[in-house]
$ cat data.cif   # mmCIF, C-alpha atoms
data_structure
#
loop_
_atom_site.label_atom_id
_atom_site.label_comp_id
_atom_site.auth_asym_id
_atom_site.auth_seq_id
_atom_site.Cartn_x
_atom_site.Cartn_y
_atom_site.Cartn_z
CA MET A 206 235.00 55.64 -92.66
CA THR A 207 236.28 52.42 -91.10
CA ILE A 208 233.92 49.65 -90.01
CA ALA A 209 234.82 50.40 -86.40
CA ALA A 210 233.99 54.06 -86.81
CA VAL A 211 230.75 53.23 -88.54
CA ALA A 212 229.82 50.74 -85.84
CA SER A 213 230.38 53.38 -83.22
CA LEU A 214 227.61 55.51 -84.66
CA SER A 215 224.55 55.40 -82.53
CA VAL A 216 222.38 52.82 -84.21
CA VAL A 217 219.08 52.26 -82.52
CA ARG A 218 216.31 50.16 -83.90
CA LEU A 219 213.02 51.89 -83.37
CA SER A 220 210.83 49.11 -84.62
CA SER A 221 211.11 45.39 -85.17
CA SER A 222 212.03 45.63 -88.83
CA THR A 223 214.35 43.02 -90.27
CA ARG A 224 217.85 43.93 -91.32
CA ASN A 225 216.99 43.07 -94.85
CA PRO A 226 219.23 44.87 -97.27
CA ALA A 227 216.55 44.70 -99.94
CA TYR A 228 214.65 47.91 -99.56
CA SER A 229 211.54 46.46 -101.10
CA SER A 230 210.78 45.16 -97.62
CA PHE A 231 210.67 48.75 -96.39
CA ILE A 232 208.31 50.02 -98.95
CA THR A 233 204.78 49.07 -98.14
CA ALA A 234 201.87 49.47 -100.48
CA THR A 235 200.75 52.86 -99.25
CA PRO A 236 200.09 56.13 -101.07
CA ARG A 237 203.43 57.35 -99.80
CA ASN A 238 206.05 55.09 -101.35
CA PHE A 239 209.56 56.22 -100.75
CA ARG A 240 212.03 54.87 -103.25
CA PHE A 241 215.46 54.00 -101.96
CA PRO A 242 218.46 52.78 -103.91
CA LYS A 243 218.88 49.00 -103.73
CA ASP A 244 222.19 49.06 -101.92
CA SER A 245 222.67 47.30 -98.63
CA ARG A 246 225.30 49.75 -97.53
CA SER A 247 223.20 52.82 -98.12
CA LEU A 248 221.28 54.64 -95.51
CA SER A 249 217.62 54.15 -95.01
CA LEU A 250 216.28 56.69 -92.61
CA VAL A 251 212.64 56.42 -93.30
CA ARG A 252 210.33 53.50 -93.41
CA VAL A 253 206.64 53.68 -94.12
CA SER A 254 204.88 51.32 -91.78
CA SER A 255 201.56 49.63 -92.32
CA THR A 256 199.90 52.25 -90.12
CA HIS A 257 201.07 54.97 -92.56
CA LYS A 258 203.30 56.44 -89.90
CA ILE A 259 206.81 57.50 -90.71
CA ARG A 260 209.34 55.63 -88.60
CA LEU A 261 213.05 56.16 -88.47
CA SER A 262 215.22 53.12 -89.13
CA PRO A 263 218.84 54.21 -88.72
CA TYR A 264 221.32 51.94 -90.44
CA ILE A 265 225.04 51.84 -91.07
CA VAL A 266 226.10 54.75 -93.23
CA ARG A 267 228.39 54.63 -96.22
CA CYS A 268 230.31 57.86 -96.49
CA SER A 269 230.13 59.27 -100.01
CA ALA A 270 228.73 62.09 -102.10
CA THR A 271 225.88 59.80 -103.16
CA GLN A 272 225.12 59.38 -99.48
CA ASP A 273 224.69 63.13 -99.01
CA ALA A 274 222.21 63.27 -101.87
CA GLU A 275 220.30 60.32 -100.47
CA LEU A 276 220.24 61.86 -97.02
CA LYS A 277 218.96 65.14 -98.38
CA SER A 278 216.29 63.37 -100.37
CA THR A 279 215.22 61.40 -97.32
CA ILE A 280 215.04 64.50 -95.17
CA ASP A 281 213.02 66.24 -97.92
CA LYS A 282 210.46 63.49 -97.67
CA VAL A 283 210.39 63.45 -93.88
CA VAL A 284 209.81 67.18 -93.52
CA ASN A 285 206.98 67.00 -96.04
CA SER A 286 205.40 63.89 -94.56
CA GLU A 287 203.23 65.84 -92.12
CA LYS A 288 202.10 69.46 -91.91
CA VAL A 289 203.99 70.00 -88.66
CA VAL A 290 207.24 68.13 -88.02
CA LEU A 291 209.45 68.68 -85.00
CA PHE A 292 213.01 67.39 -84.72
CA MET A 293 213.79 67.39 -81.03
CA LYS A 294 215.61 65.78 -78.15
CA GLY A 295 213.33 63.09 -76.84
CA ASN A 296 209.76 62.81 -78.07
CA LYS A 297 206.49 64.61 -77.45
CA ASP A 298 205.65 62.43 -74.48
CA PHE A 299 209.15 62.56 -72.96
CA PRO A 300 211.09 65.64 -74.06
CA GLN A 301 214.70 65.46 -72.93
CA CYS A 302 215.62 69.10 -73.17
CA GLY A 303 214.08 72.33 -71.91
CA PHE A 304 214.06 74.01 -75.30
CA SER A 305 212.48 71.00 -76.99
CA ASN A 306 209.91 70.78 -74.24
CA THR A 307 208.95 74.43 -74.71
CA VAL A 308 208.11 73.86 -78.36
CA VAL A 309 206.20 70.67 -77.58
CA GLN A 310 204.09 72.44 -74.96
CA ILE A 311 203.38 75.32 -77.33
CA LEU A 312 202.21 72.97 -80.08
CA LYS A 313 200.12 70.92 -77.65
CA SER A 314 198.45 74.04 -76.29
CA LEU A 315 197.46 75.00 -79.84
CA ASN A 316 195.91 71.55 -80.35
CA VAL A 317 197.71 71.08 -83.62
CA PRO A 318 198.66 67.54 -84.73
CA PHE A 319 202.41 67.15 -85.09
CA GLN A 320 205.02 64.45 -85.63
CA THR A 321 208.24 64.39 -83.62
CA PHE A 322 211.60 62.76 -84.36
CA ASP A 323 214.16 62.12 -81.66
CA ILE A 324 217.53 63.24 -82.96
CA LEU A 325 219.28 61.76 -79.94
CA GLU A 326 218.60 58.33 -81.38
CA ASN A 327 220.11 59.00 -84.78
CA ASN A 328 223.40 60.85 -85.08
CA VAL A 329 223.33 60.77 -88.88
CA LEU A 330 219.97 62.53 -88.89
CA ARG A 331 221.18 64.93 -86.23
CA GLN A 332 224.20 66.08 -88.26
CA GLY A 333 222.35 65.92 -91.56
CA LEU A 334 219.58 68.19 -90.31
CA LYS A 335 222.04 70.83 -89.12
CA GLU A 336 223.28 71.15 -92.68
CA TYR A 337 219.88 70.75 -94.30
CA SER A 338 218.29 73.48 -92.16
CA SER A 339 221.46 75.60 -91.91
CA TRP A 340 220.62 75.64 -88.23
CA PRO A 341 223.08 74.49 -85.59
CA THR A 342 220.78 73.49 -82.77
CA PHE A 343 217.66 71.56 -81.83
CA PRO A 344 214.69 71.69 -81.62
CA GLN A 345 213.90 72.44 -85.26
CA LEU A 346 210.31 73.04 -86.27
CA TYR A 347 209.10 72.50 -89.82
CA ILE A 348 205.70 73.76 -90.94
CA ASP A 349 204.40 72.67 -94.35
CA GLY A 350 207.84 71.43 -95.35
CA GLU A 351 209.55 74.70 -94.54
CA PHE A 352 211.92 75.38 -91.67
CA PHE A 353 210.14 77.67 -89.21
CA GLY A 354 212.75 78.04 -86.50
CA GLY A 355 214.04 76.86 -83.17
CA CYS A 356 212.71 77.41 -79.67
CA ASP A 357 213.28 81.19 -79.48
CA ILE A 358 211.65 81.88 -82.81
CA THR A 359 208.72 79.57 -82.08
CA LEU A 360 208.17 81.19 -78.69
CA GLU A 361 208.31 84.72 -80.08
CA ALA A 362 206.01 83.82 -82.96
CA TYR A 363 203.59 82.18 -80.50
CA GLN A 364 203.55 85.32 -78.34
CA ASN A 365 202.89 87.67 -81.24
CA GLY A 366 200.46 85.40 -83.08
CA ASP A 367 202.61 84.66 -86.12
CA LEU A 368 202.86 80.97 -85.25
CA GLN A 369 199.10 80.52 -85.06
CA GLU A 370 198.71 82.30 -88.39
CA CYS A 371 201.34 80.14 -90.04
CA LEU A 372 199.80 76.94 -88.67
CA GLU A 373 196.34 77.93 -89.81
CA LYS A 374 197.63 78.58 -93.30
CA ALA A 375 199.41 75.23 -93.35
CA MET A 376 196.41 73.29 -92.09
CA CYS A 377 194.09 74.85 -94.65
CA SER A 378 196.38 74.29 -97.65
CA MET B 217 237.97 74.74 -73.24
CA GLY B 218 234.66 76.48 -73.88
CA VAL B 219 233.93 79.74 -75.58
CA SER B 220 234.01 82.80 -73.34
CA LYS B 221 231.41 85.55 -73.07
CA GLU B 222 234.03 88.03 -74.26
CA ASP B 223 234.68 85.94 -77.38
CA VAL B 224 230.99 85.99 -78.26
CA GLU B 225 230.69 89.70 -77.56
CA GLY B 226 233.76 90.48 -79.63
CA ILE B 227 232.62 88.47 -82.61
CA LEU B 228 229.10 89.87 -82.62
CA THR B 229 230.37 93.43 -82.19
CA SER B 230 232.65 93.23 -85.19
CA ALA B 231 230.19 91.27 -87.35
CA MET B 232 226.91 93.04 -86.58
CA LYS B 233 228.03 96.50 -85.34
CA PRO B 234 225.24 96.49 -82.75
CA THR B 235 223.90 99.51 -80.93
CA HIS B 236 223.01 97.27 -78.00
CA LEU B 237 224.46 93.90 -77.11
CA GLN B 238 223.98 91.75 -74.07
CA VAL B 239 225.53 88.31 -73.77
CA VAL B 240 224.88 86.17 -70.72
CA ASP B 241 226.71 82.93 -70.07
CA THR B 242 223.89 80.73 -68.81
CA SER B 243 226.14 77.75 -68.16
CA GLY B 244 227.68 79.29 -65.07
CA GLY B 245 230.93 80.29 -66.73
CA CYS B 246 231.49 77.07 -68.68
CA GLY B 247 230.90 78.68 -72.07
CA ALA B 248 228.44 75.96 -73.01
CA SER B 249 225.31 78.05 -73.40
CA PHE B 250 224.57 81.71 -73.94
CA GLU B 251 221.64 84.09 -74.03
CA ILE B 252 221.91 86.98 -76.43
CA GLU B 253 220.12 90.28 -76.86
CA ILE B 254 221.30 92.21 -79.88
CA VAL B 255 220.12 95.38 -81.59
CA SER B 256 221.61 96.24 -84.96
CA GLU B 257 220.73 98.24 -88.05
CA GLN B 258 221.85 95.29 -90.14
CA PHE B 259 218.58 93.60 -89.22
CA GLU B 260 216.59 96.19 -91.17
CA GLY B 261 214.15 94.54 -93.55
CA LYS B 262 215.01 91.03 -92.42
CA LYS B 263 212.48 88.53 -91.22
CA LEU B 264 212.79 86.86 -87.82
CA LEU B 265 214.36 83.67 -89.13
CA GLU B 266 216.86 85.59 -91.26
CA ARG B 267 217.91 87.70 -88.29
CA HIS B 268 218.54 84.63 -86.20
CA ARG B 269 220.46 83.02 -89.07
CA MET B 270 222.69 86.10 -89.26
CA VAL B 271 223.60 85.73 -85.61
CA ASN B 272 224.17 81.99 -86.05
CA ALA B 273 226.37 82.62 -89.08
CA ALA B 274 228.50 85.13 -87.17
CA LEU B 275 229.02 82.53 -84.45
CA ALA B 276 229.42 79.56 -86.80
CA GLU B 277 232.90 78.60 -85.57
CA GLN B 278 231.95 78.93 -81.91
CA MET B 279 228.78 76.89 -82.41
CA LYS B 280 230.98 73.82 -82.71
CA GLU B 281 231.78 74.20 -79.03
CA ILE B 282 228.67 75.92 -77.70
CA HIS B 283 225.92 73.55 -76.67
CA ALA B 284 223.00 75.95 -76.67
CA LEU B 285 222.38 79.44 -77.97
CA SER B 286 219.29 81.39 -77.00
CA ILE B 287 218.64 84.53 -79.02
CA LYS B 288 216.21 86.42 -76.83
CA LYS B 289 216.11 89.55 -78.97
CA ALA B 290 217.48 90.29 -82.43
CA VAL B 291 215.86 93.53 -83.55
CA THR B 292 216.48 96.83 -85.31
CA PRO B 293 217.02 99.99 -83.22
CA SER B 294 213.50 101.20 -84.08
CA LYS B 295 211.96 98.06 -82.59
CA TRP B 296 214.14 98.04 -79.52
CA ASN B 297 212.25 99.01 -76.40
CA PRO B 298 214.33 98.31 -73.33
CA ILE B 299 212.59 97.88 -69.98
CA PRO B 300 213.88 100.59 -67.64
CA LYS B 301 216.05 99.02 -64.97
CA VAL B 302 215.25 101.64 -62.35
CA GLN B 303 211.66 102.47 -61.55
CA GLU B 304 211.39 106.14 -60.77
CA GLU B 305 208.96 107.03 -58.04
#
$ encode --input "data.cif" --output "structure tokens"
Amino acid sequence: MTIAAVASLSVVRLSSSTRNPAYSSFITATPRNFRFPKDSRSLSLVRVSSTHKIRLSPYIVRCSATQDAELKSTIDKVVNSEKVVLFMKGNKDFPQCGFSNTVVQILKSLNVPFQTFDILENNVLRQGLKEYSSWPTFPQLYIDGEFFGGCDITLEAYQNGDLQECLEKAMCS
Amino acid sequence: MGVSKEDVEGILTSAMKPTHLQVVDTSGGCGASFEIEIVSEQFEGKKLLERHRMVNAALAEQMKEIHALSIKKAVTPSKWNPIPKVQEE
């Protein structure tokens, strides 16, 4: 991947973190410490902030097999960071797609706490998740670290009660 | 050039051998988004997510061009209960 191609990736800074290649600056002293390789050209998708919230910090990606393993490992941690994780277009306050909005409204109506990630802001995450979930579209709902489904599945499960059951099980575990 | 409704129907027919298939192009003919209803014996014993994955897998090549796919129904013939189109008085 040329520098120009890499630079053309959508890189959006979600927080005021420094572009410090040393990942020690990303790892705060919290119960959830994510270890990242100390390589300035590697991808760091996840940063644990002082408020214990998971924030995405997209950086320039180095294309390699090691990168795929790192990406997978990062996604593993993100989907397990909360009981209910939704990868969507936009965020829970401003969904930018009808399908994503449907899932957000369903989860809000069930009063279940959930974390959202905007895949429009991170193309690496967007493509990585399609492979990770073996699912070609968004939104993608994860419950207790496991892929639950997209909008159609979530809606059907909500209508027949399966979603509520699954959420209850996840919350109690 | 988007994917046509006929392409989707053809692929799903040969892959899933459905007893009922309805494909609607919801992008107004642009081939960007589709709604699918499919009934097939191949779904027997499969959970909801697996059934949807089967449809996705059949359309894997087309998914590169399709923007959105909505699988309204993916059930076995025994679970299929179509709403009658004509109400008899």
$ resolve_selection --input "data.cif" --expression "the PyMOL selection byres ((chain B) within 7 of (chain A))" --output "list in words"
Leu265, Met279, Ala284, Ser286, Ile287 and Lys288 of chain B
$ resolve_selection --input "data.cif" --expression "the PyMOL selection byres ((chain B and resi 252-254) around 9)" --output "count of residues only"
23
$ atom_distance --input "data.cif" --atom1 "atom CA of Lys288 of chain A" --atom2 "atom CA of Asp349 of chain A"
4.6 Å
$ atom_distance --input "data.cif" --atom1 "atom CA of Val309 of chain A" --atom2 "atom CA of Cys246 of chain B"
27.6 Å
$ atom_distance --input "data.cif" --atom1 "atom CA of Ala375 of chain A" --atom2 "atom CA of Asn285 of chain A"
11.5 Å
$ residues_around --input "data.cif" --residues "Lys297 of chain A" --least-positions-apart "5" --cutoff "10 Å" --atoms "only C-alpha atoms" --output "number ranges by chain"
A: 291, 305-306, 308-310, 312-313, 319-323
$ closest_residue --input "data.cif" --among "A:Gly350, A:Gly333, A:Gly366, A:Pro344" --to "Lys294 of chain A" --atoms "all atoms listed in the file"
A:Pro344
$ closest_residue --input "data.cif" --among "B:Ile282, B:Leu275, B:Met270, B:Leu264" --to "Leu368 of chain A" --atoms "only C-alpha atoms"
B:Leu264
$ closest_residue --input "data.cif" --among "A:Leu346, A:Leu334, A:Cys371, A:Cys377" --to "Asp281 of chain A" --atoms "all atoms listed in the file"
A:Leu334
$ resolve_selection --input "data.cif" --expression "the PyMOL selection byres ((chain B and resi 220) around 12)" --output "PyMOL selection string"
chain B and resi 217-219+221-227+239-250+278+281-282
$ closest_residue --input "data.cif" --among "A:Gln369, A:Leu315, A:Met293, A:Thr279" --to "Gln345 of chain A" --atoms "only C-alpha atoms"
A:Met293
$ build_atoms --input "data.cif" --residues "segment 322-337 of chain A" --atoms "N, CA and C atoms" --output "PDB file, in the frame of the given file"
ATOM      1  N   PHE A 322     210.504  63.693 -84.123  1.00  0.00           N
ATOM      2  CA  PHE A 322     211.600  62.760 -84.360  1.00  0.00           C
ATOM      3  C   PHE A 322     212.682  63.039 -83.341  1.00  0.00           C
ATOM      4  N   ASP A 323     213.161  61.987 -82.705  1.00  0.00           N
ATOM      5  CA  ASP A 323     214.160  62.120 -81.660  1.00  0.00           C
ATOM      6  C   ASP A 323     215.554  62.069 -82.291  1.00  0.00           C
ATOM      7  N   ILE A 324     216.229  63.206 -82.323  1.00  0.00           N
ATOM      8  CA  ILE A 324     217.530  63.240 -82.960  1.00  0.00           C
ATOM      9  C   ILE A 324     218.625  62.649 -82.068  1.00  0.00           C
ATOM     10  N   LEU A 325     218.295  62.397 -80.821  1.00  0.00           N
ATOM     11  CA  LEU A 325     219.280  61.760 -79.940  1.00  0.00           C
ATOM     12  C   LEU A 325     219.487  60.299 -80.325  1.00  0.00           C
ATOM     13  N   GLU A 326     218.518  59.747 -81.032  1.00  0.00           N
ATOM     14  CA  GLU A 326     218.600  58.330 -81.380  1.00  0.00           C
ATOM     15  C   GLU A 326     219.274  58.108 -82.730  1.00  0.00           C
ATOM     16  N   ASN A 327     219.561  59.164 -83.437  1.00  0.00           N
ATOM     17  CA  ASN A 327     220.110  59.000 -84.780  1.00  0.00           C
ATOM     18  C   ASN A 327     221.109  60.106 -85.065  1.00  0.00           C
ATOM     19  N   ASN A 328     222.382  59.815 -84.927  1.00  0.00           N
ATOM     20  CA  ASN A 328     223.400  60.850 -85.080  1.00  0.00           C
ATOM     21  C   ASN A 328     223.539  61.306 -86.529  1.00  0.00           C
ATOM     22  N   VAL A 329     223.245  60.401 -87.455  1.00  0.00           N
ATOM     23  CA  VAL A 329     223.330  60.770 -88.880  1.00  0.00           C
ATOM     24  C   VAL A 329     222.260  61.816 -89.180  1.00  0.00           C
ATOM     25  N   LEU A 330     221.070  61.574 -88.689  1.00  0.00           N
ATOM     26  CA  LEU A 330     219.970  62.530 -88.890  1.00  0.00           C
ATOM     27  C   LEU A 330     220.301  63.851 -88.210  1.00  0.00           C
ATOM     28  N   ARG A 331     220.863  63.739 -87.017  1.00  0.00           N
ATOM     29  CA  ARG A 331     221.180  64.930 -86.230  1.00  0.00           C
ATOM     30  C   ARG A 331     222.138  65.833 -86.994  1.00  0.00           C
ATOM     31  N   GLN A 332     223.215  65.264 -87.521  1.00  0.00           N
ATOM     32  CA  GLN A 332     224.200  66.080 -88.260  1.00  0.00           C
ATOM     33  C   GLN A 332     223.648  66.515 -89.606  1.00  0.00           C
ATOM     34  N   GLY A 333     222.926  65.610 -90.245  1.00  0.00           N
ATOM     35  CA  GLY A 333     222.350  65.920 -91.560  1.00  0.00           C
ATOM     36  C   GLY A 333     221.380  67.088 -91.512  1.00  0.00           C
ATOM     37  N   LEU A 334     220.575  67.119 -90.455  1.00  0.00           N
ATOM     38  CA  LEU A 334     219.580  68.190 -90.310  1.00  0.00           C
ATOM     39  C   LEU A 334     220.231  69.541 -90.086  1.00  0.00           C
ATOM     40  N   LYS A 335     221.343  69.557 -89.369  1.00  0.00           N
ATOM     41  CA  LYS A 335     222.040  70.830 -89.120  1.00  0.00           C
ATOM     42  C   LYS A 335     222.439  71.473 -90.439  1.00  0.00           C
ATOM     43  N   GLU A 336     222.892  70.623 -91.365  1.00  0.00           N
ATOM     44  CA  GLU A 336     223.280  71.150 -92.680  1.00  0.00           C
ATOM     45  C   GLU A 336     222.058  71.476 -93.512  1.00  0.00           C
ATOM     46  N   TYR A 337     221.086  70.588 -93.474  1.00  0.00           N
ATOM     47  CA  TYR A 337     219.880  70.750 -94.300  1.00  0.00           C
ATOM     48  C   TYR A 337     219.152  72.042 -93.943  1.00  0.00           C
TER      49      TYR A 337
END
